[in-house]
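Worksheet for the structure shown next.
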Amino acid sequence: MSDLLGLGLSGLRAYRTALGAVGENVANAETDGYTRRQAVLTPGVTGGARLTPYYGDSFVFGGVKVQGIDRAWDMFKASEMRHASSAAGRTAVREQWLTGIETALDDGPFGVGARITAFFNAADDVAATPGETFGRSQLLAKLDEVAGAFRGNAEALSRLSSGIADAAQIEAARVNDAISALAKLNATLRVAAPGGAVRAAIEDDRDRLINSIAERIGVVASVNPDGTTQLTLADPPGSVLVSPTESSSFAFAVAADGRLSLQVTNSTGTAAVVPSSGKFAGLIESADAAAARSADLDTLALDFTAQINSWSASGFDSAGNPGQDLLEAPTGALTMRSLVTDPALVPAARAGVANGNLLALDALRGAGGVERRWTSLVANHAQALSSAKSEHAAATAWRENSFGALDAVTGVDLDREAADLLRFQQAYSAAARIIQVGRETVQDILNIF
């Protein structure tokens, strides 16, 4: 009789735990990073009895017991998902910042290209009536607008470069926080009892942290038998980021031109890292692109300044004096400005011809002229941005597919949970009925006396 009551009690305990796991799954069906739980139920035996009644002389039914709470997990699908997440992190950042660079390289009606064209067109108009003061004033105003457009673009690129550097510092701080939290979880996992709901929750937190780090830089994760994690860089030098005895940190260095370099520091020292995936890689590549575009813009500004000043020196103003410098750009586009506001100082004449120097200005508009070079600069960046968008679309599809494959294993299916709920409720009711039958039997026996 005691065996009958024990069977019922073991069932109540086991199926109550199983129902609790189902309830937790349903409650966290939409929780990001939650992994489905399942109670592992095994037959309970006593003494030296066997697990099956078909072999051996003795078999004692011992009810059911909970072996532990199992997390649905697939380490291979998880690894694939992290690689895909790193790739998508890189391409998303590149697309974001390259789009910003395209905006900074204003190619609209108020951009550098349009302003330079307006300047040359104004020179053609003045060449038709070189003695007109208004036309000369318009020419100088258009030249000042060119200088303003160069400065505006340079300032926009400078702000964008600072934004990339700020974003890099924020991302590095987030990764360092995640590494520190993962190191603390390693210490917790070493003492957490395996197979329990608490251990499963800690392991969910562990995987969320690993995924967060992997989104920013490529890593390789391995889980030790005690549940602790060893995380290493996927790229050289392959440093250990987190282990039961190690914790690292990242730092970005910002060069004068805005380019970024990454370093990792751990117990072995500090080493340079050139990541190939993750947001860190995207930020470094974006900073390189911004610095390159700024350098190209500076080169255009300096060349245009030199060409205009050389052209001016070849002509004569209204008083017959040689033309003076019309522009200056001491350090590039950011410091470019016009120097002349007096229309009488426009060097229109050359070799005794009132508009001779103005007519010669068209020679600066050839294949190697600043106009064509500006167009080439904008077109090259547009091509790079188009490539970045295509790459991001492919990486996003990879990430979504890998997330879907992992979610098929770890995610909560409410239909499945409903079926389990019904099954365990019936089993719980059956266990309760066993206890009830045992009590009724005992009472009937007692009633005999």
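By convention here, the chains of the structure tokens are called A, B, ... in the order presented, each chain's residues are numbered starting at 1, and ligands are numbered starting at 1 in the order presented.
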Sorted by chain and rising residue number, list the residues of stretch 81-192 of chain A at most 6 Å from stretch 276-299 of chain A (counting only C-alpha atoms), each with its closest atom pair and distance in Å to one decimal, as JSON lines.
```
{"residue": "A:Ser86", "atom": "CA", "partner": "A:Gly278", "partner_atom": "CA", "distance": 4.0}
{"residue": "A:Ala87", "atom": "CA", "partner": "A:Ser277", "partner_atom": "CA", "distance": 5.3}
{"residue": "A:Gly89", "atom": "CA", "partner": "A:Gly278", "partner_atom": "CA", "distance": 4.8}
{"residue": "A:Arg90", "atom": "CA", "partner": "A:Gly282", "partner_atom": "CA", "distance": 4.3}
{"residue": "A:Val93", "atom": "CA", "partner": "A:Gly282", "partner_atom": "CA", "distance": 5.2}
{"residue": "A:Arg94", "atom": "CA", "partner": "A:Gly282", "partner_atom": "CA", "distance": 5.0}
```
Determine, for each residue of stretch 397-429 of chain A having at least one atom at most 12 Å from an atom of stretch 8-27 of chain A, the closest pair of atoms and their separation in Å to one decimal, counting only C-alpha atoms; order by chain and ascending number, as a Markdown table.
```
| residue | atom | partner | partner_atom | distance |
| --- | --- | --- | --- | --- |
| A:Thr410 | CA | A:Asn25 | CA | 10.6 |
| A:Gly411 | CA | A:Asn25 | CA | 9.0 |
| A:Val412 | CA | A:Asn25 | CA | 6.3 |
| A:Asp413 | CA | A:Val26 | CA | 8.5 |
| A:Leu414 | CA | A:Val26 | CA | 6.7 |
| A:Asp415 | CA | A:Val26 | CA | 10.1 |
| A:Arg416 | CA | A:Val22 | CA | 9.5 |
| A:Glu417 | CA | A:Val22 | CA | 6.1 |
| A:Ala418 | CA | A:Val22 | CA | 8.4 |
| A:Ala419 | CA | A:Val22 | CA | 9.9 |
| A:Asp420 | CA | A:Val22 | CA | 7.2 |
| A:Leu421 | CA | A:Leu19 | CA | 6.4 |
| A:Leu422 | CA | A:Leu19 | CA | 9.4 |
| A:Arg423 | CA | A:Leu19 | CA | 9.4 |
| A:Phe424 | CA | A:Tyr15 | CA | 5.9 |
| A:Gln425 | CA | A:Leu19 | CA | 7.4 |
| A:Gln426 | CA | A:Tyr15 | CA | 9.4 |
| A:Ala427 | CA | A:Tyr15 | CA | 6.9 |
| A:Tyr428 | CA | A:Tyr15 | CA | 5.6 |
| A:Ser429 | CA | A:Leu12 | CA | 8.3 |
```
A:Thr341, A:Thr31, A:Ser249, A:Asn309 ranked by distance to A:Ala141, top pick (using only C-alpha atoms): A:Thr341
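You will find atom CA of A:Ala272 at 25.6 Å from atom CA of A:Ala388.
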Tell me, which residues of stretch 26-243 of chain A carry DSSP alpha helix (DSSP H), written as an MDAnalysis selection string? chainID A and resid 26:27 75:104 112:128 133:191 197:216
For A:Ser212, list every protein, DNA or RNA residue within 12 Å, evaluated using only C-alpha atoms, and leave out those in the same chain fewer than 6 positions away; present the list as a PyMOL selection string. chain A and resi 33+81-83+85-86+89+171-172+174-179+181-182+205-206+218-219+278-279
For A:Ala301, work out the shell of residues within 9 Å, counting only C-alpha atoms and skipping chain neighbours fewer than 2 positions away, then give it as a list in words. Ala147, Phe150, Asp296, Leu297, Asp298, Thr299, Asp303, Phe304, Thr305, Ala306, Ala329, Gly332, Ala333, Leu334, Met336 and Val370 of chain A
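For the choices A:Asp257, A:Asn211, A:Asn355, A:Asn186, the atom-to-atom distance to A:Asn224 is smallest for A:Asn186 when using only C-alpha atoms.
Proximity of A:Leu361, A:Lys389, A:Ala104, A:Ala72 to A:Asp124, computed with only C-alpha atoms, is greatest for A:Leu361.
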